[in-house]
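Content type TSV, C-alpha atoms, from the file start.tsv:
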```
chain	number	residue	atom	x	y	z
T	148	MET	CA	0.00	0.00	0.00
T	149	ASN	CA	1.18	3.51	-0.80
T	150	SER	CA	2.25	5.05	2.54
T	151	ASN	CA	1.67	8.57	1.23
T	152	PRO	CA	-1.45	8.25	-0.92
T	153	LEU	CA	-3.10	11.16	-2.69
T	154	VAL	CA	-6.32	12.32	-1.04
T	155	SER	CA	-8.92	14.17	-3.11
T	156	ILE	CA	-11.01	16.62	-1.10
T	157	ILE	CA	-14.16	17.49	-3.06
T	158	THR	CA	-16.19	20.57	-2.24
T	159	PRO	CA	-19.35	21.89	-3.95
T	160	VAL	CA	-20.09	25.55	-3.22
T	161	TYR	CA	-23.19	27.71	-3.55
T	162	ASN	CA	-23.28	31.19	-1.99
T	163	HIS	CA	-20.71	30.40	0.69
T	164	GLU	CA	-18.64	33.58	0.52
T	165	LYS	CA	-18.75	33.88	4.32
T	166	PHE	CA	-17.29	30.42	4.83
T	167	ILE	CA	-15.40	29.13	1.79
T	168	GLY	CA	-12.17	30.89	2.77
T	169	ASP	CA	-12.17	29.13	6.15
T	170	THR	CA	-13.06	25.85	4.44
T	171	ILE	CA	-10.12	26.05	2.02
T	172	ASN	CA	-7.72	27.27	4.71
T	173	SER	CA	-8.64	24.25	6.82
T	174	ILE	CA	-7.26	22.04	4.03
T	175	ILE	CA	-4.15	24.14	3.44
T	176	ASN	CA	-3.37	23.82	7.17
T	177	GLN	CA	-3.65	20.02	7.30
T	178	THR	CA	-0.72	18.13	8.82
T	179	TYR	CA	-1.07	15.65	5.93
T	180	GLN	CA	-0.07	17.49	2.77
T	181	ASN	CA	-0.42	15.04	-0.15
T	182	TRP	CA	-3.82	16.24	-1.24
T	183	GLU	CA	-5.72	17.88	-4.06
T	184	MET	CA	-8.82	19.97	-3.47
T	185	LEU	CA	-11.48	20.18	-6.16
T	186	VAL	CA	-13.99	22.99	-5.69
T	187	VAL	CA	-16.96	23.60	-7.98
T	188	ASP	CA	-18.98	26.80	-7.75
T	189	ASP	CA	-22.60	26.13	-8.67
T	190	CYS	CA	-23.39	29.57	-10.09
T	191	SER	CA	-23.17	31.46	-6.81
T	192	THR	CA	-24.63	34.97	-6.81
T	193	ASP	CA	-22.19	36.23	-4.17
T	194	ARG	CA	-18.37	36.43	-4.15
T	195	SER	CA	-17.77	32.71	-3.70
T	196	TRP	CA	-16.22	32.25	-7.15
T	197	GLU	CA	-13.84	35.17	-6.76
T	198	ILE	CA	-12.63	33.81	-3.40
T	199	ILE	CA	-12.14	30.30	-4.81
T	200	GLN	CA	-10.12	31.70	-7.73
T	201	GLU	CA	-7.87	33.65	-5.35
T	202	TYR	CA	-6.94	30.49	-3.47
T	203	ALA	CA	-6.53	28.41	-6.64
T	204	GLY	CA	-4.14	31.04	-8.00
T	205	LYS	CA	-1.91	30.66	-4.93
T	206	ASP	CA	-1.89	26.84	-4.61
T	207	SER	CA	-1.82	24.53	-7.63
T	208	ARG	CA	-3.31	21.70	-5.55
T	209	ILE	CA	-6.60	23.63	-5.49
T	210	LYS	CA	-8.56	23.03	-8.70
T	211	ALA	CA	-11.44	25.42	-9.36
T	212	PHE	CA	-14.47	24.77	-11.57
T	213	ARG	CA	-17.60	26.78	-12.22
T	214	ASN	CA	-20.91	25.62	-13.65
T	215	THR	CA	-22.63	27.63	-16.37
T	216	GLU	CA	-25.97	26.83	-14.72
T	217	ASN	CA	-27.05	25.82	-11.23
T	218	LYS	CA	-27.11	22.02	-11.14
T	219	GLY	CA	-27.65	21.12	-7.50
T	220	LEU	CA	-25.67	19.02	-5.07
T	221	ILE	CA	-25.80	15.48	-6.53
T	222	PRO	CA	-24.51	16.33	-10.04
T	223	ASN	CA	-21.71	18.34	-8.41
T	224	TRP	CA	-20.61	15.44	-6.21
T	225	LYS	CA	-20.50	13.18	-9.27
T	226	PHE	CA	-18.58	15.75	-11.33
T	227	LEU	CA	-15.98	16.22	-8.61
T	228	ILE	CA	-15.53	12.49	-8.05
T	229	ASP	CA	-15.07	11.90	-11.78
T	230	ASN	CA	-12.45	14.65	-12.03
T	231	SER	CA	-10.49	13.67	-8.94
T	232	LYS	CA	-7.40	11.45	-8.95
T	233	GLY	CA	-6.85	10.43	-5.34
T	234	GLU	CA	-6.82	6.90	-3.99
T	235	TYR	CA	-9.06	8.27	-1.24
T	236	ILE	CA	-11.92	10.76	-1.48
T	237	ALA	CA	-12.86	13.10	1.36
T	238	PHE	CA	-16.16	14.97	1.15
T	239	LEU	CA	-16.20	18.52	2.51
T	240	GLU	CA	-19.18	20.84	2.15
T	241	GLY	CA	-18.45	24.48	1.39
T	242	ASP	CA	-19.37	25.80	4.84
T	243	ASP	CA	-17.72	23.12	7.01
T	244	ILE	CA	-14.11	22.93	8.17
T	245	PHE	CA	-11.59	20.13	8.73
T	246	TYR	CA	-9.45	20.29	11.86
T	247	LYS	CA	-5.74	20.01	11.15
T	248	ASN	CA	-5.29	16.26	11.80
T	249	ASN	CA	-8.35	15.16	9.81
T	250	LEU	CA	-6.59	13.69	6.79
T	251	ALA	CA	-3.65	12.25	8.74
T	252	LYS	CA	-5.84	10.40	11.25
T	253	LYS	CA	-8.05	8.91	8.56
T	254	ILE	CA	-5.14	7.78	6.37
T	255	GLU	CA	-3.60	6.16	9.45
T	256	ILE	CA	-6.72	4.01	9.89
T	257	PHE	CA	-6.79	2.97	6.24
T	258	GLU	CA	-3.15	1.88	6.47
T	259	LYS	CA	-3.75	-0.05	9.70
T	260	PHE	CA	-6.95	-1.75	8.47
T	261	PRO	CA	-6.66	-2.47	4.72
T	262	ASP	CA	-10.16	-4.00	4.54
T	263	VAL	CA	-11.88	-0.81	5.69
T	264	GLY	CA	-13.77	1.00	2.92
T	265	MET	CA	-14.83	4.13	4.79
T	266	VAL	CA	-13.54	6.06	7.80
T	267	TYR	CA	-15.73	8.53	9.70
T	268	CYS	CA	-15.10	10.71	12.73
T	269	ASN	CA	-16.46	12.63	15.67
T	270	PHE	CA	-17.19	16.36	15.20
T	271	ASN	CA	-18.33	19.62	16.71
T	272	VAL	CA	-21.37	21.62	15.63
T	273	ILE	CA	-20.21	25.22	15.14
T	274	SER	CA	-21.99	28.53	14.65
T	275	GLU	CA	-21.82	30.92	11.72
T	276	ASN	CA	-18.89	32.61	13.48
T	277	GLY	CA	-17.09	29.34	14.20
T	278	GLU	CA	-18.01	29.13	17.88
T	279	VAL	CA	-18.71	25.62	19.19
T	280	ILE	CA	-22.46	25.03	19.74
T	281	ILE	CA	-22.26	21.30	20.45
T	282	LYS	CA	-18.89	19.92	21.53
T	283	ASN	CA	-18.26	16.23	20.95
T	284	HIS	CA	-21.28	15.14	18.92
T	285	LYS	CA	-20.91	11.50	19.93
T	286	LEU	CA	-21.64	12.38	23.56
T	287	PHE	CA	-24.56	14.55	22.42
T	288	GLN	CA	-26.31	11.68	20.62
T	289	ARG	CA	-24.77	8.61	22.29
T	290	VAL	CA	-25.08	6.37	19.23
T	291	ARG	CA	-23.18	3.16	18.71
T	292	VAL	CA	-20.00	3.43	16.63
T	293	TYR	CA	-18.37	0.87	14.35
T	294	LYS	CA	-14.71	-0.08	14.11
T	295	ASN	CA	-13.65	-2.35	11.26
T	296	GLU	CA	-17.13	-3.79	10.75
T	297	TYR	CA	-20.28	-3.50	8.65
T	298	ILE	CA	-23.53	-1.97	9.86
T	299	GLU	CA	-26.50	-4.28	9.59
T	300	PRO	CA	-29.22	-2.63	7.42
T	301	SER	CA	-31.85	-3.12	10.14
T	302	GLU	CA	-29.56	-1.46	12.70
T	303	TYR	CA	-28.86	1.55	10.47
T	304	LEU	CA	-32.56	2.01	9.74
T	305	GLY	CA	-33.71	1.30	13.28
T	306	SER	CA	-31.42	3.77	15.03
T	307	LYS	CA	-33.11	6.61	16.90
T	308	TYR	CA	-30.52	9.05	15.51
T	309	HIS	CA	-28.33	9.04	12.44
T	310	LEU	CA	-25.36	6.71	12.88
T	311	ILE	CA	-23.40	8.72	10.31
T	312	ASN	CA	-24.39	12.35	10.02
T	313	SER	CA	-22.77	14.22	7.17
T	314	TYR	CA	-20.84	14.03	3.92
T	315	SER	CA	-18.06	15.99	5.63
T	316	GLN	CA	-17.67	13.25	8.23
T	317	VAL	CA	-16.36	10.59	5.85
T	318	MET	CA	-13.38	9.58	3.77
T	319	ILE	CA	-13.76	6.62	1.42
T	320	LYS	CA	-11.65	4.52	-0.92
T	321	ARG	CA	-12.16	5.31	-4.58
T	322	LEU	CA	-12.71	1.59	-5.19
T	323	VAL	CA	-15.73	1.72	-2.87
T	324	ILE	CA	-17.41	4.31	-5.11
T	325	LYS	CA	-16.94	2.00	-8.09
T	326	LYS	CA	-18.48	-0.86	-6.13
T	327	THR	CA	-21.32	0.87	-4.29
T	328	GLY	CA	-22.15	3.84	-6.49
T	329	TYR	CA	-22.34	7.63	-6.37
T	330	PRO	CA	-24.53	9.77	-4.14
T	331	ARG	CA	-27.96	9.70	-5.78
T	332	THR	CA	-31.31	11.44	-5.90
T	333	PHE	CA	-34.85	10.26	-6.49
T	334	CYS	CA	-35.96	13.81	-7.35
T	335	PRO	CA	-33.67	14.89	-10.22
T	336	LEU	CA	-35.66	18.07	-10.95
T	337	GLU	CA	-35.01	19.37	-7.41
T	338	LYS	CA	-31.66	20.99	-6.58
T	339	ILE	CA	-31.35	19.40	-3.14
T	340	PHE	CA	-32.26	15.85	-2.19
T	341	LEU	CA	-32.27	16.04	1.60
T	342	PRO	CA	-31.49	12.41	2.55
T	343	SER	CA	-28.76	11.95	-0.09
T	344	ASP	CA	-25.94	11.74	2.48
T	345	TRP	CA	-27.99	9.43	4.72
T	346	ASP	CA	-28.75	7.14	1.76
T	347	PHE	CA	-25.15	7.23	0.49
T	348	ASN	CA	-23.77	6.37	3.92
T	349	PHE	CA	-26.32	3.56	4.27
T	350	ARG	CA	-25.16	1.93	1.04
T	351	ILE	CA	-21.47	2.40	1.88
T	352	SER	CA	-21.63	1.21	5.50
T	353	THR	CA	-23.85	-1.84	4.92
T	354	GLU	CA	-21.72	-3.11	2.01
T	355	ASN	CA	-18.22	-2.19	3.27
T	356	LYS	CA	-16.37	-2.31	6.56
T	357	ILE	CA	-16.19	1.10	8.22
T	358	TYR	CA	-14.16	2.59	11.06
T	359	TYR	CA	-15.06	5.34	13.53
T	360	ILE	CA	-12.39	7.70	14.89
T	361	GLU	CA	-13.10	9.06	18.36
T	362	ASP	CA	-11.14	12.27	17.67
T	363	ILE	CA	-13.11	15.43	16.84
T	364	LEU	CA	-11.86	16.08	13.31
T	365	PHE	CA	-14.27	18.53	11.70
T	366	GLY	CA	-16.70	21.32	12.38
T	367	TYR	CA	-20.23	21.08	11.02
T	368	ARG	CA	-21.45	24.63	10.56
T	369	LYS	CA	-25.02	25.49	11.54
T	370	HIS	CA	-26.14	28.83	10.12
T	371	SER	CA	-29.13	30.72	8.76
T	372	SER	CA	-29.04	28.97	5.38
T	373	ASN	CA	-29.14	25.44	6.76
T	374	SER	CA	-30.74	25.73	10.18
T	375	SER	CA	-34.35	25.66	8.94
T	376	TYR	CA	-35.14	21.94	8.83
T	377	ASP	CA	-37.73	21.31	6.12
T	378	ALA	CA	-39.43	18.28	7.65
T	379	ILE	CA	-42.21	18.12	5.03
T	380	THR	CA	-39.78	17.89	2.11
T	381	ALA	CA	-37.51	15.58	4.09
T	382	TYR	CA	-40.40	13.17	4.71
T	383	ARG	CA	-41.35	13.18	1.02
T	384	HIS	CA	-37.76	12.61	-0.08
T	385	MET	CA	-37.15	9.91	2.51
T	386	SER	CA	-40.28	8.08	1.37
T	387	PHE	CA	-38.68	7.55	-2.05
T	388	VAL	CA	-35.54	6.12	-0.43
T	389	LEU	CA	-37.47	3.82	1.90
T	390	ASP	CA	-39.63	2.55	-0.97
T	391	ASP	CA	-36.43	1.60	-2.78
T	392	TYR	CA	-35.18	-0.24	0.30
T	393	ARG	CA	-38.49	-2.08	0.65
T	394	LYS	CA	-38.02	-3.53	-2.81
T	395	LYS	CA	-34.43	-4.50	-2.11
T	396	PHE	CA	-35.11	-6.11	1.30
T	397	ILE	CA	-38.63	-7.40	0.66
T	398	LYS	CA	-37.79	-10.83	2.13
T	399	ASN	CA	-36.03	-9.51	5.24
T	400	SER	CA	-38.65	-8.97	7.94
T	401	GLU	CA	-36.23	-7.24	10.34
T	402	VAL	CA	-35.31	-4.63	7.73
T	403	ILE	CA	-38.96	-4.08	6.82
T	404	LYS	CA	-39.77	-3.41	10.49
T	405	ALA	CA	-36.85	-0.98	10.69
T	406	ILE	CA	-38.11	0.80	7.57
T	407	GLN	CA	-41.49	1.27	9.24
T	408	TYR	CA	-39.74	2.68	12.29
T	409	LYS	CA	-37.72	5.14	10.20
T	410	GLN	CA	-40.89	6.33	8.47
T	411	CYS	CA	-42.46	6.81	11.89
T	412	ARG	CA	-39.49	8.92	13.02
T	413	TYR	CA	-39.98	11.24	10.07
T	414	ILE	CA	-43.64	11.66	10.94
T	415	TYR	CA	-42.38	12.69	14.38
T	416	SER	CA	-40.25	15.35	12.65
T	417	LYS	CA	-43.29	16.63	10.78
T	418	ILE	CA	-45.21	17.01	14.03
T	419	ILE	CA	-42.39	19.09	15.51
T	420	TYR	CA	-42.26	21.15	12.31
T	421	TYR	CA	-45.97	21.96	12.52
T	422	LEU	CA	-45.74	22.82	16.21
T	423	GLU	CA	-42.87	25.22	15.53
T	424	ASN	CA	-44.89	26.84	12.74
T	425	ARG	CA	-48.02	27.43	14.82
T	426	ASN	CA	-50.11	24.76	13.09
T	427	LYS	CA	-51.52	22.72	15.96
T	428	LYS	CA	-54.28	21.23	13.79
T	429	MET	CA	-51.83	19.59	11.38
T	430	ALA	CA	-49.61	18.56	14.29
T	431	TRP	CA	-52.49	16.65	15.88
T	432	ASN	CA	-53.47	15.09	12.53
T	433	GLU	CA	-49.93	13.80	12.08
T	434	PHE	CA	-49.83	12.62	15.69
T	435	PHE	CA	-52.76	10.24	15.13
T	436	SER	CA	-50.93	8.86	12.10
T	437	TYR	CA	-47.76	8.60	14.18
T	438	ILE	CA	-49.28	6.50	16.96
T	439	LYS	CA	-50.67	4.04	14.39
T	440	TYR	CA	-47.19	3.50	12.95
T	441	ASN	CA	-45.27	3.66	16.20
T	442	ILE	CA	-45.00	-0.01	17.13
T	443	TYR	CA	-41.79	0.54	19.12
T	444	TYR	CA	-41.46	1.59	22.74
T	445	LYS	CA	-37.76	2.51	22.69
T	446	ASP	CA	-38.67	6.15	21.94
T	447	LEU	CA	-40.69	6.55	25.14
T	448	ASP	CA	-38.63	9.57	26.24
T	449	LEU	CA	-39.17	11.32	22.91
T	450	ASN	CA	-42.86	10.46	22.89
T	451	ILE	CA	-43.39	11.96	26.34
T	452	LYS	CA	-41.65	15.17	25.22
T	453	LEU	CA	-43.76	15.18	22.06
T	454	ILE	CA	-47.04	14.91	23.95
T	455	CYS	CA	-45.96	17.72	26.26
T	456	ARG	CA	-45.15	19.94	23.28
T	457	LEU	CA	-48.54	19.24	21.72
T	458	PHE	CA	-50.14	20.88	24.75
T	459	PHE	CA	-47.64	23.73	25.00
T	460	PRO	CA	-48.79	27.17	23.77
T	461	ASN	CA	-47.37	28.27	20.42
T	462	ILE	CA	-45.07	30.84	21.98
T	463	LEU	CA	-43.34	28.18	24.07
T	464	ASN	CA	-42.81	25.90	21.05
T	465	LEU	CA	-41.28	28.82	19.17
T	466	TYR	CA	-38.96	29.45	22.11
T	467	ILE	CA	-37.89	25.79	22.21
T	468	LYS	CA	-37.18	25.91	18.47
T	469	LYS	CA	-34.24	28.26	19.10
T	470	PHE	CA	-32.47	25.52	21.03
T	471	TYR	CA	-33.62	22.47	19.10
T	472	TYR	CA	-30.99	20.66	17.06
T	473	HIS	CA	-32.79	18.78	14.29
T	474	GLN	CA	-31.08	15.50	13.61
T	475	GLN	CA	-33.40	12.61	12.95
```

So, in terms of structure tokens, how does the structure I just supplied come out?
Amino acid sequence: MNSNPLVSIITPVYNHEKFIGDTINSIINQTYQNWEMLVVDDCSTDRSWEIIQEYAGKDSRIKAFRNTENKGLIPNWKFLIDNSKGEYIAFLEGDDIFYKNNLAKKIEIFEKFPDVGMVYCNFNVISENGEVIIKNHKLFQRVRVYKNEYIEPSEYLGSKYHLINSYSQVMIKRLVIKKTGYPRTFCPLEKIFLPSDWDFNFRISTENKIYYIEDILFGYRKHSSNSSYDAITAYRHMSFVLDDYRKKFIKNSEVIKAIQYKQCRYIYSKIIYYLENRNKKMAWNEFFSYIKYNIYYKDLDLNIKLICRLFFPNILNLYIKKFYYHQQ
């Protein structure tokens, strides 16, 4: 194995002028330096492209591309993968940042465990200004992690919270992309397919061994452009993904039960969405649908909180929204 392999960091950008400089600098400052960074600007209307060009002009490892029309996230991921050359591919969204040991720590795991197809890491949630909102995300969610093993499909689907959270969390072998496939969408006419990273990570982690690094290696940025969780669209998009899984796992009763549970969790998200948008009538309508689907008791704590919020006045639900971190 090459002890100093090339890593391709791929970064799609749309109107990230406030953040893209920090994002690129976080790669320049990596302790591991054998990298290339491919950045595509998806027709931003701010100064994102000018900033990207400035950095590309100073460092030949930064390769800048610009679309002639806005294409959306999935075509950009595919374009960047196809134009990259690294043995490993690291995903980095245009508003997130890698901490300085990100690449080095992940390469170290790949060298130690040759059978691993994907490495993922712990992270902080940071504000628009880079201040830490949630330190040590693993402790925040307390989900199981995986070290040199596959995730069972029923376990991935049946988890209360996402087992793998973000594109920016992962580095994968190029060979894994060839085997498992690109990030995909079931709504090609829409610019953003909300569960694309969740679906991509499902396919990668259930078909390849993965490894979790305890170290906090990146900052997921929460800001005004991404903090409004569109639960209605997310539910519609996720329904397409789950229908695809139903066809694939039709003979696996455990996976089918887990699919029902995941659908139920997204109904839960819709109820919260309606409560936070002063629509108690729709919240109650969804709640009656929710209790019909909810055949599990492991979410008792969430269900108690949900019932309380259904009886809270609108002003209190709006207040809670300020502190609520949506991550289903």

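For T:Phe226, the set of protein, DNA and RNA residues having any atom at most 12 Å away, when counting only C-alpha atoms and skipping those fewer than 6 positions along the same chain, is Ile157, Thr158, Pro159, Leu185, Val186, Val187, Asp188, Asp189, Phe212, Arg213, Asn214, Lys218, Gly219, Leu220, Tyr329 and Pro330 of chain T.
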
*Figure out the distance between atom CA of T:Ile311 and atom CA of T:Asn355, please, to one decimal in Å.*
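Those two atoms sit 14.0 Å apart.
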
*With all atoms listed in the file as the atoms that count, which of T:Asn162, T:Thr192, T:Asn432, T:Asn249 lies nearest to T:Asn176?*
T:Asn249

_Among listed residues T:Asp262, T:Asp243, T:Asp346, T:Glu255, nearest T:Ser274 (using all atoms listed in the file)_ = T:Asp243

*Could you tell me how far atom CA of T:Val279 lies from atom CA of T:Thr380, in Å and to one decimal?*
28.2 Å

*Between atom CA of T:Tyr161 and atom CA of T:Cys190, what is the distance, to one decimal in Å?*
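We find that atom CA of T:Tyr161 and atom CA of T:Cys190 lie 6.8 Å from each other.
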
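The residue set within 12 Å of T:Ile363, counting only C-alpha atoms and dropping same-chain residues fewer than 3 places from it, reads Ile244, Phe245, Tyr246, Lys247, Asn248, Asn249, Lys252, Lys253, Tyr267, Cys268, Asn269, Phe270, Asn271, Val272, Val279, Ile281, Lys282, Asn283, His284, Lys285, Leu286, Gln316, Tyr359, Ile360, Gly366 and Tyr367 of chain T.
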
*Between T:Trp182, T:Phe387, T:Phe458, T:Phe260, which is the closest to T:Lys210 once you count all atoms listed in the file?*
T:Trp182

*asked:* I'd like to know which of T:Trp196, T:Phe459, T:Tyr392, T:Tyr235 is closest to T:Lys404, using all atoms listed in the file.
replied: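 Counting all atoms listed in the file, the residue closest to T:Lys404 is T:Tyr392.
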
*Which protein, DNA or RNA residues have an atom at most 12 Å from (-22.0, 4.2, -9.2), counting all atoms listed in the file? List them as a VMD selection string.*
chain T and resid 224 to 225 228 to 229 321 to 331 347 350 to 351
